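protein-v3.cif (mmCIF, C-alpha atoms) appears below.
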data_run
loop_
_atom_site.label_atom_id
_atom_site.label_comp_id
_atom_site.auth_asym_id
_atom_site.auth_seq_id
_atom_site.Cartn_x
_atom_site.Cartn_y
_atom_site.Cartn_z
CA MET A 1 -14.31 -39.77 49.14
CA LYS A 2 -13.32 -42.45 46.61
CA ARG A 3 -16.94 -42.85 45.49
CA ILE A 4 -17.24 -39.07 44.97
CA ALA A 5 -14.08 -39.05 42.86
CA ILE A 6 -15.37 -41.93 40.73
CA LEU A 7 -18.72 -40.17 40.29
CA PHE A 8 -16.94 -36.95 39.27
CA LEU A 9 -14.79 -38.75 36.70
CA SER A 10 -17.86 -40.52 35.34
CA CYS A 11 -19.66 -37.21 34.87
CA CYS A 12 -16.64 -35.76 33.08
CA ALA A 13 -16.46 -38.78 30.80
CA LEU A 14 -20.18 -38.49 30.06
CA MET A 15 -19.81 -34.80 29.21
CA ALA A 16 -16.90 -35.59 26.93
CA CYS A 17 -18.94 -38.22 25.16
CA LYS A 18 -21.70 -35.70 24.49
CA ARG A 19 -19.35 -33.16 22.89
CA ILE A 20 -20.22 -32.63 19.23
CA ASP A 21 -17.82 -31.06 16.75
CA VAL A 22 -19.75 -29.46 13.89
CA ASP A 23 -18.21 -29.23 10.44
CA PHE A 24 -19.02 -29.80 6.79
CA SER A 25 -17.54 -29.66 3.32
CA TYR A 26 -19.03 -29.42 -0.16
CA SER A 27 -18.36 -30.69 -3.65
CA PRO A 28 -17.54 -29.80 -6.32
CA THR A 29 -15.08 -27.26 -4.90
CA ALA A 30 -15.78 -24.75 -7.69
CA PRO A 31 -19.51 -25.19 -8.41
CA LYS A 32 -21.28 -23.21 -11.10
CA ALA A 33 -24.84 -21.91 -11.24
CA GLY A 34 -27.31 -24.68 -12.02
CA GLU A 35 -24.98 -27.42 -10.84
CA THR A 36 -25.91 -29.74 -7.95
CA VAL A 37 -23.80 -29.12 -4.84
CA THR A 38 -23.50 -31.90 -2.25
CA PHE A 39 -22.89 -30.87 1.37
CA ASP A 40 -21.04 -33.56 3.33
CA ASN A 41 -21.86 -33.49 7.05
CA LEU A 42 -18.59 -34.01 8.96
CA SER A 43 -20.08 -33.51 12.44
CA THR A 44 -19.06 -36.06 15.08
CA GLY A 45 -22.60 -36.58 16.39
CA GLY A 46 -26.09 -35.18 16.57
CA GLU A 47 -29.57 -36.33 15.65
CA GLU A 48 -31.09 -33.27 13.96
CA TRP A 49 -29.62 -31.06 11.27
CA SER A 50 -30.64 -27.64 10.05
CA TRP A 51 -29.03 -26.23 6.92
CA SER A 52 -29.29 -22.69 5.59
CA PHE A 53 -27.77 -22.27 2.13
CA GLY A 54 -27.61 -18.47 2.04
CA ASP A 55 -30.00 -17.97 -0.88
CA GLY A 56 -33.21 -18.64 1.02
CA GLY A 57 -32.95 -22.41 0.67
CA SER A 58 -32.78 -24.82 3.62
CA SER A 59 -32.76 -28.52 4.47
CA SER A 60 -33.07 -30.89 7.44
CA LEU A 61 -31.26 -33.81 5.80
CA LYS A 62 -27.95 -34.99 7.17
CA ILE A 63 -26.26 -34.88 3.77
CA PRO A 64 -28.29 -32.55 1.54
CA THR A 65 -27.84 -31.31 -2.01
CA HIS A 66 -28.65 -27.87 -3.32
CA VAL A 67 -28.73 -26.03 -6.64
CA TYR A 68 -27.84 -22.33 -6.76
CA LYS A 69 -29.55 -20.49 -9.59
CA LYS A 70 -27.32 -17.41 -9.65
CA PRO A 71 -23.54 -16.90 -9.35
CA GLY A 72 -22.20 -15.16 -6.27
CA THR A 73 -20.87 -15.78 -2.77
CA TYR A 74 -23.27 -17.34 -0.25
CA THR A 75 -23.02 -18.05 3.47
CA VAL A 76 -23.91 -21.64 4.40
CA THR A 77 -24.72 -22.55 8.02
CA LEU A 78 -25.16 -25.98 9.59
CA MET A 79 -26.77 -26.18 13.06
CA VAL A 80 -26.93 -29.50 14.94
CA ASP A 81 -29.75 -30.43 17.32
CA ASN A 82 -31.22 -26.90 17.05
CA LYS A 83 -28.49 -25.46 19.28
CA SER A 84 -26.77 -22.28 18.14
CA SER A 85 -23.68 -23.34 20.10
CA ARG A 86 -23.43 -26.31 17.76
CA SER A 87 -23.16 -24.56 14.41
CA ARG A 88 -20.63 -23.98 11.67
CA THR A 89 -20.62 -21.35 8.92
CA ARG A 90 -18.72 -21.39 5.64
CA GLU A 91 -18.80 -19.32 2.46
CA ILE A 92 -19.36 -20.91 -0.94
CA THR A 93 -18.69 -19.18 -4.25
CA ILE A 94 -20.94 -20.12 -7.15
CA TYR A 95 -19.52 -19.40 -10.58
CA ASP A 96 -21.08 -18.88 -13.96
CA THR A 97 -19.71 -20.52 -17.07
CA ILE A 98 -19.52 -16.96 -18.45
CA PRO A 99 -17.11 -14.70 -16.48
CA SER A 100 -18.83 -12.10 -14.34
CA PHE A 101 -18.20 -10.08 -11.18
CA GLU A 102 -19.98 -9.30 -7.92
CA ILE A 103 -20.04 -6.45 -5.41
CA SER A 104 -20.27 -7.03 -1.66
CA ASP A 105 -23.57 -5.16 -1.20
CA THR A 106 -26.64 -4.50 -3.29
CA THR A 107 -27.32 -1.05 -1.80
CA LEU A 108 -24.48 1.39 -2.43
CA SER A 109 -23.84 4.88 -1.06
CA ILE A 110 -20.93 7.28 -1.20
CA TYR A 111 -17.80 6.94 0.95
CA HIS A 112 -18.46 3.39 2.09
CA ASP A 113 -16.10 0.51 1.36
CA TYR A 114 -17.23 -2.26 -0.97
CA THR A 115 -15.43 -5.30 -2.31
CA LEU A 116 -15.62 -6.01 -6.01
CA ARG A 117 -14.59 -9.51 -7.13
CA ALA A 118 -14.34 -11.29 -10.47
CA LEU A 119 -16.25 -14.58 -10.77
CA VAL A 120 -14.40 -16.76 -13.24
CA TYR A 121 -15.14 -20.47 -13.55
CA ASN A 122 -11.67 -21.93 -14.11
CA PRO A 123 -11.48 -25.51 -12.75
CA TYR A 124 -8.52 -26.37 -15.01
CA ASN A 125 -6.43 -23.36 -13.94
CA TYR A 126 -6.09 -21.87 -17.40
CA PRO A 127 -4.14 -18.59 -17.70
CA VAL A 128 -6.44 -15.70 -16.79
CA SER A 129 -6.04 -11.91 -16.69
CA TYR A 130 -8.30 -9.02 -15.67
CA GLU A 131 -8.73 -5.44 -16.88
CA TRP A 132 -11.07 -3.21 -14.86
CA VAL A 133 -12.50 0.21 -15.71
CA PHE A 134 -14.03 2.20 -12.83
CA PRO A 135 -15.76 5.62 -12.86
CA ALA A 136 -13.42 8.59 -12.53
CA ASN A 137 -14.83 9.44 -9.07
CA THR A 138 -14.09 6.00 -7.61
CA ILE A 139 -11.22 5.35 -5.21
CA TYR A 140 -9.95 1.78 -5.42
CA VAL A 141 -7.15 -0.43 -4.16
CA ALA A 142 -6.34 -4.07 -4.79
CA PRO A 143 -5.88 -6.07 -1.56
CA SER A 144 -2.50 -7.40 -2.74
CA ASP A 145 -1.57 -4.74 -5.30
CA SER A 146 -0.74 -1.25 -4.06
CA THR A 147 0.19 -0.09 -7.58
CA GLN A 148 -3.50 0.03 -8.57
CA SER A 149 -2.71 -1.53 -11.94
CA LEU A 150 -6.34 -2.69 -12.35
CA SER A 151 -5.18 -6.22 -13.10
CA ALA A 152 -6.19 -7.97 -9.88
CA ALA A 153 -9.22 -10.24 -9.44
CA SER A 154 -10.57 -8.26 -6.46
CA TYR A 155 -10.64 -4.63 -5.36
CA LYS A 156 -11.82 -2.58 -2.42
CA LEU A 157 -13.40 0.65 -3.56
CA TYR A 158 -15.64 3.53 -2.61
CA PHE A 159 -17.50 6.16 -4.61
CA THR A 160 -17.05 9.87 -3.94
CA GLN A 161 -20.12 11.03 -5.86
CA ALA A 162 -23.72 9.90 -6.05
CA MET A 163 -24.76 8.49 -9.45
CA THR A 164 -27.83 6.76 -10.78
CA GLU A 165 -25.68 4.65 -13.10
CA ALA A 166 -22.08 4.15 -12.03
CA PRO A 167 -20.50 2.07 -14.82
CA VAL A 168 -18.00 -0.69 -14.03
CA TRP A 169 -16.39 -2.73 -16.81
CA LEU A 170 -14.36 -5.92 -16.54
CA ARG A 171 -12.47 -7.54 -19.38
CA VAL A 172 -11.53 -11.17 -18.64
CA ILE A 173 -9.06 -13.04 -20.84
CA LEU A 174 -9.31 -16.76 -20.04
CA ASN A 175 -7.13 -19.18 -21.98
CA GLY A 176 -7.02 -16.71 -24.87
CA ASP A 177 -10.79 -16.04 -24.94
CA THR A 178 -11.97 -12.50 -24.09
CA THR A 179 -15.21 -11.63 -22.30
CA LEU A 180 -16.32 -8.05 -21.57
CA VAL A 181 -18.69 -7.64 -18.60
CA LYS A 182 -20.53 -4.32 -18.12
CA LYS A 183 -22.63 -3.41 -15.07
CA SER A 184 -24.09 -0.18 -13.72
CA PHE A 185 -24.76 0.57 -10.05
CA ASN A 186 -26.98 3.09 -8.30
CA VAL A 187 -24.83 5.00 -5.80
CA SER A 188 -26.89 7.14 -3.41
CA ASP A 189 -26.06 10.14 -1.29
CA TYR A 190 -27.06 10.45 2.37
CA HIS A 191 -27.02 12.88 5.28
CA THR A 192 -24.04 12.75 7.60
CA ASN A 193 -22.08 14.93 10.00
CA SER A 194 -20.22 17.94 8.61
CA VAL A 195 -17.29 20.15 9.54
CA LEU A 196 -17.84 23.82 8.68
CA PHE A 197 -15.18 26.43 7.95
CA ARG A 198 -15.12 30.20 7.61
CA THR A 199 -12.49 31.95 5.52
CA SER A 200 -12.15 35.40 3.98
CA THR A 201 -13.57 33.98 0.74
CA GLY A 202 -16.69 32.43 2.27
CA ASP A 203 -18.09 29.53 4.28
CA TYR A 204 -17.38 25.89 3.45
CA ARG A 205 -18.73 22.47 4.34
CA GLN A 206 -16.95 19.10 4.35
CA ARG A 207 -18.97 16.00 5.23
CA ILE A 208 -17.51 13.27 7.44
CA PHE A 209 -18.20 9.59 6.76
CA GLY A 210 -16.88 7.70 9.79
CA LYS A 211 -13.12 7.50 9.33
CA ARG A 212 -13.36 9.14 5.92
CA ALA A 213 -14.36 12.56 4.62
CA GLU A 214 -15.32 14.13 1.34
CA MET A 215 -12.31 14.88 -0.81
CA PHE A 216 -12.66 18.67 -0.74
CA PRO A 217 -14.62 21.29 1.23
CA MET A 218 -17.43 22.83 -0.82
CA PRO A 219 -18.72 26.44 -0.57
CA ASP A 220 -21.99 26.42 1.35
CA PRO A 221 -23.95 29.56 2.35
CA SER A 222 -26.17 27.42 4.64
CA ALA A 223 -23.21 26.99 7.01
CA ARG A 224 -23.45 30.63 8.06
CA THR A 225 -25.79 30.19 11.05
CA ALA A 226 -23.69 27.52 12.75
CA LEU A 227 -20.46 29.41 12.13
CA ASP A 228 -21.92 32.68 13.45
CA ALA A 229 -22.79 30.89 16.70
CA GLU A 230 -19.42 29.15 17.02
CA GLN A 231 -16.88 30.55 19.47
CA ASP A 232 -14.00 29.13 21.49
CA THR A 233 -13.63 31.76 24.20
CA LEU A 234 -16.52 30.71 26.48
CA GLN A 235 -17.99 27.33 27.35
CA ASN A 236 -20.42 25.78 29.83
CA TYR A 237 -19.04 22.51 31.17
CA ASN A 238 -20.53 20.39 33.98
CA GLY A 239 -22.74 23.27 35.13
CA LYS A 240 -19.91 25.81 35.27
CA THR A 241 -19.07 28.63 32.87
CA PHE A 242 -15.45 28.80 31.75
CA ARG A 243 -14.18 32.06 30.26
CA LEU A 244 -11.03 32.83 28.33
CA SER A 245 -9.77 35.31 30.91
CA GLU A 246 -10.19 32.78 33.75
CA LEU A 247 -8.30 30.02 31.96
CA GLN A 248 -5.53 32.45 31.05
CA THR A 249 -4.53 32.54 34.73
CA THR A 250 -3.48 28.90 34.31
CA PHE A 251 -2.51 29.06 30.63
CA PRO A 252 -1.30 32.65 30.00
CA GLU A 253 -0.87 32.32 26.22
CA LEU A 254 -4.28 30.70 25.64
CA GLN A 255 -6.27 32.26 22.77
CA GLY A 256 -9.17 29.82 22.42
CA PHE A 257 -10.26 26.53 24.02
CA LYS A 258 -12.61 23.55 24.11
CA ILE A 259 -13.22 21.42 27.22
CA VAL A 260 -13.88 17.70 26.72
CA ASN A 261 -13.78 14.91 29.34
CA ARG A 262 -12.02 17.01 32.01
CA LYS A 263 -9.39 18.08 29.50
CA VAL A 264 -8.90 21.49 27.99
CA TYR A 265 -7.71 21.69 24.39
CA PHE A 266 -6.42 25.18 23.70
CA ARG A 267 -4.68 27.10 20.96
CA ASP A 268 -2.01 29.78 21.04
CA SER A 269 0.62 31.26 18.76
CA GLU A 270 2.83 28.20 19.28
CA GLY A 271 0.29 25.54 18.36
CA LEU A 272 -2.34 23.26 19.89
CA TRP A 273 -2.12 21.94 23.48
CA VAL A 274 -4.02 19.65 25.81
CA ALA A 275 -3.98 19.62 29.60
CA MET A 276 -6.11 18.70 32.58
CA LEU A 277 -8.33 21.49 33.86
CA ASP A 278 -6.03 22.06 36.82
CA GLY A 279 -3.10 22.67 34.46
CA SER A 280 -1.40 19.32 34.96
CA ALA A 281 -0.24 16.91 32.24
CA LEU A 282 0.36 19.68 29.70
CA VAL A 283 1.16 18.20 26.27
CA GLN A 284 1.72 19.97 22.96
CA ILE A 285 -0.20 18.29 20.11
CA ASP A 286 0.88 20.52 17.21
CA LYS A 287 3.77 23.00 17.02
CA THR A 288 2.22 24.99 14.16
CA PRO A 289 0.37 28.17 15.21
CA CYS A 290 -3.32 27.31 15.67
CA LEU A 291 -5.88 29.68 14.15
CA ALA A 292 -9.19 28.08 15.21
CA LEU A 293 -10.48 24.88 16.80
CA THR A 294 -13.64 22.99 17.63
CA ALA A 295 -14.62 19.73 19.31
CA ASP A 296 -16.93 17.19 17.67
CA MET A 297 -18.71 15.13 20.33
CA THR A 298 -20.37 12.92 17.70
CA ASP A 299 -17.20 11.66 16.03
CA ASN A 300 -15.04 12.23 19.15
CA ARG A 301 -12.51 14.44 17.41
CA ILE A 302 -10.76 17.73 17.88
CA TYR A 303 -10.36 19.83 14.71
CA TRP A 304 -7.99 22.75 14.36
CA ALA A 305 -6.80 25.10 11.62
CA THR A 306 -3.24 26.04 10.70
CA SER A 307 -1.91 28.26 7.92
CA GLU A 308 -1.54 25.15 5.72
CA GLY A 309 -4.95 23.57 6.32
CA VAL A 310 -7.13 21.77 8.85
CA LYS A 311 -6.05 18.83 10.99
CA TYR A 312 -7.86 16.46 13.36
CA LEU A 313 -7.14 13.99 16.14
CA PRO A 314 -9.35 11.65 18.21
CA PHE A 315 -9.99 12.80 21.76
CA ILE A 316 -7.18 11.77 24.08
CA GLY A 317 -8.22 9.22 26.69
CA SER A 318 -5.14 8.82 28.89
CA ASP A 319 -4.67 10.75 32.13
CA ASN A 320 -1.15 11.81 31.13
CA ASN A 321 -2.53 13.14 27.82
CA HIS A 322 -0.05 11.27 25.67
CA TYR A 323 -1.70 10.32 22.39
CA THR A 324 -1.01 7.21 20.34
CA THR A 325 -2.23 8.44 16.94
CA THR A 326 -0.64 11.27 14.97
CA PRO A 327 -2.61 14.31 13.78
CA GLN A 328 -4.11 13.84 10.30
CA TRP A 329 -4.84 16.36 7.57
CA LEU A 330 -8.53 16.84 6.91
CA ASN A 331 -7.98 19.30 4.07
CA ARG A 332 -5.65 22.01 2.81
CA LEU A 333 -8.13 24.85 3.12
CA GLN A 334 -6.19 27.99 4.00
CA GLY A 335 -7.19 31.15 5.84
CA VAL A 336 -9.66 29.42 8.21
CA THR A 337 -10.81 31.73 11.01
CA LYS A 338 -13.64 29.58 12.47
CA ILE A 339 -14.47 25.88 12.62
CA SER A 340 -17.75 24.32 13.67
CA THR A 341 -19.51 20.97 13.35
CA GLU A 342 -23.05 20.13 12.35
CA LYS A 343 -25.10 16.92 12.40
#
As structure tokens - that is how I would like this structure written.
Amino acid sequence: MKRIAILFLSCCALMACKRIDVDFSYSPTAPKAGETVTFDNLSTGGEEWSWSFGDGGSSSLKIPTHVYKKPGTYTVTLMVDNKSSRSRTREITIYDTIPSFEISDTTLSIYHDYTLRALVYNPYNYPVSYEWVFPANTIYVAPSDSTQSLSAASYKLYFTQAMTEAPVWLRVILNGDTTLVKKSFNVSDYHTNSVLFRTSTGDYRQRIFGKRAEMFPMPDPSARTALDAEQDTLQNYNGKTFRLSELQTTFPELQGFKIVNRKVYFRDSEGLWVAMLDGSALVQIDKTPCLALTADMTDNRIYWATSEGVKYLPFIGSDNNHYTTTPQWLNRLQGVTKISTEK
């Protein structure tokens, strides 16, 4: 038994000896384009090194150098002994001697978040200020500045309209010297899911982009076919046909319904409700009279109309039907009599 214990401890010690911690640093800490960057390998062991510098360059030296030709933020990866489990990744920002700015992606489309960041080479920490100008159809917010004063070094933004040339201007004042940077971006449109609405004034479409939607519903005659077919008084679910009159025996005030995941969402003059099909776990979602509703199985949402506009909520997953998120306004479109969804 003693020999086994000694052998076990020896194996543990050997495994500990083979452990390799992978890390690296680089200098200078604020490199500029065209300057040689030295990568210092801080790993505790290893015999082979594989570097990827994020701009297509690579090296197998233990302590390599690299020159970046363009300013921007690059992802550097060091892998030891060709094992992905022994790797470390860091970001390096390369500056230009002339102030500039970068955007987090080269391909832009509407209603997607992008990060815009000023690139200012300032190794001596001179006073610096920023003045941004974005297109009128751009929604932006500074990560640490909720006032949207356009004076921060970085912003998160998204475009609400496709443009072939979306202009962005940045004025940088560094130690009293002013530089104006102008760039234009191609912002594309793309097909996505839509929510359709019928009112007395016509049919409307509002496209949904993940957690976000277009700012306003737009009149759209092409929505007619889907809205004509939409109804919330009859539904086939799990091979069975559910009718309004049948469900009214359990929910007497029910005026329209959608069944999703063994739950029935239904509307009446007192609002929107959810319950299990057997009538248990009845919960009121909205106390405002509900005029129309639909279920979107693609985005996993329930949409419903009130006299003040259209709301939505993610499908409820709990068995007691208590929801953790509050209903959100999708729009303030009034007089909605039908809602449908379209891919």
Contacts of region 102-105 of chain A at 7 Å (all atoms listed in the file; same-chain gap of 6+ positions) as number ranges by chain: A: 72, 114-118
Residues at most 12 Å from Thr326 (chain A), counting all atoms listed in the file, excluding those fewer than 4 positions away in the same chain, as a list in words? Ile285, Asp286, Lys311, Tyr312, Leu313, Pro314, Phe315, Ile316 and His322 of chain A
Fewer than 2 positions away in the same chain doesn't count, so skip those; otherwise give me all residues within 9 Å of Thr65 (chain A), counting only C-alpha atoms, as a VMD selection string. chain A and resid 36 to 40 59 61 63 67
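When all atoms listed in the file are used to compute distances to Val336 (chain A), the closest of the residues A:Asp203, A:Asp177, A:Asp268, A:Glu230 turns out to be A:Asp203.
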Write out as a PyMOL selection string which residues come within 12 Å of region 134-140 of chain A when counting all atoms listed in the file, dropping same-chain ones fewer than 4 positions away. chain A and resi 109-116+145-150+152+154-163+165-171+182-185+187+212+214-215
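Candidate residues A:Gly176, A:Gly202, A:Pro127, A:Gly239 were compared for distance to Asp220 (chain A), and the nearest is A:Gly202, using only C-alpha atoms.
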Go ahead and compute the interatomic distance for CA of Gln284 (chain A) and CA of Ile339 (chain A), in Å to one decimal. 20.1 Å
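Taking CA of Leu247 (chain A) and CA of Gly279 (chain A) as endpoints, the distance between them is 9.3 Å.
Of note, CA of Arg332 (chain A) and CA of Phe251 (chain A) are spaced 28.9 Å apart.
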List the neighbours of region 297-300 of chain A out to 12 Å using only C-alpha atoms; skip same-chain residues closer than 5 positions along the sequence, and give me the result as an MDAnalysis selection string. chainID A and resid 192:195 207:213 258:261 312:317 340:343
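Put simply, the PyMOL selection byres ((chain A and resi 231) around 10) on this file hits Leu227, Asp228, Ala229, Glu230, Asp232, Thr233, Leu234, Gln235, Gly256, Phe257, Lys258, Ala292, Leu293, Thr294, Lys338, Ile339 and Ser340 of chain A.
Here the PyMOL selection byres ((chain A and resi 173) around 9) matches the residues Pro127, Val128, Ser129, Tyr130, Glu131, Arg171, Val172, Leu174, Asn175, Gly176, Asp177, Thr178, Thr179 and Leu180 of chain A.
Between Glu48 (chain A) and the residues A:Asn82, A:Thr29, A:Thr201, A:Thr77, the shortest atom-to-atom distance, using all atoms listed in the file, involves A:Asn82.
Minimum distance to Gly46 (chain A) across A:Gln328, A:Lys83, A:Tyr68, A:Pro28 (counting only C-alpha atoms) occurs at A:Lys83.
Closest approach to Leu196 (chain A) among A:Asn331, A:Thr288, A:Ser50, A:Ser87 is made by A:Asn331 (distances from only C-alpha atoms).
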Which of A:Ile98, A:Leu330, A:Leu254, A:Arg86 sits closest to Gln206 (chain A) [using only C-alpha atoms]: A:Leu330
Assuming 3 Å of padding per side, give the centre and edge lengths of the axis-aligned box around every listed atom of region 276-290 of chain A, in Å to one decimal and as JSON.
{"center_x": -2.3, "center_y": 22.5, "center_z": 25.5, "size_x": 18.1, "size_y": 17.3, "size_z": 28.7}
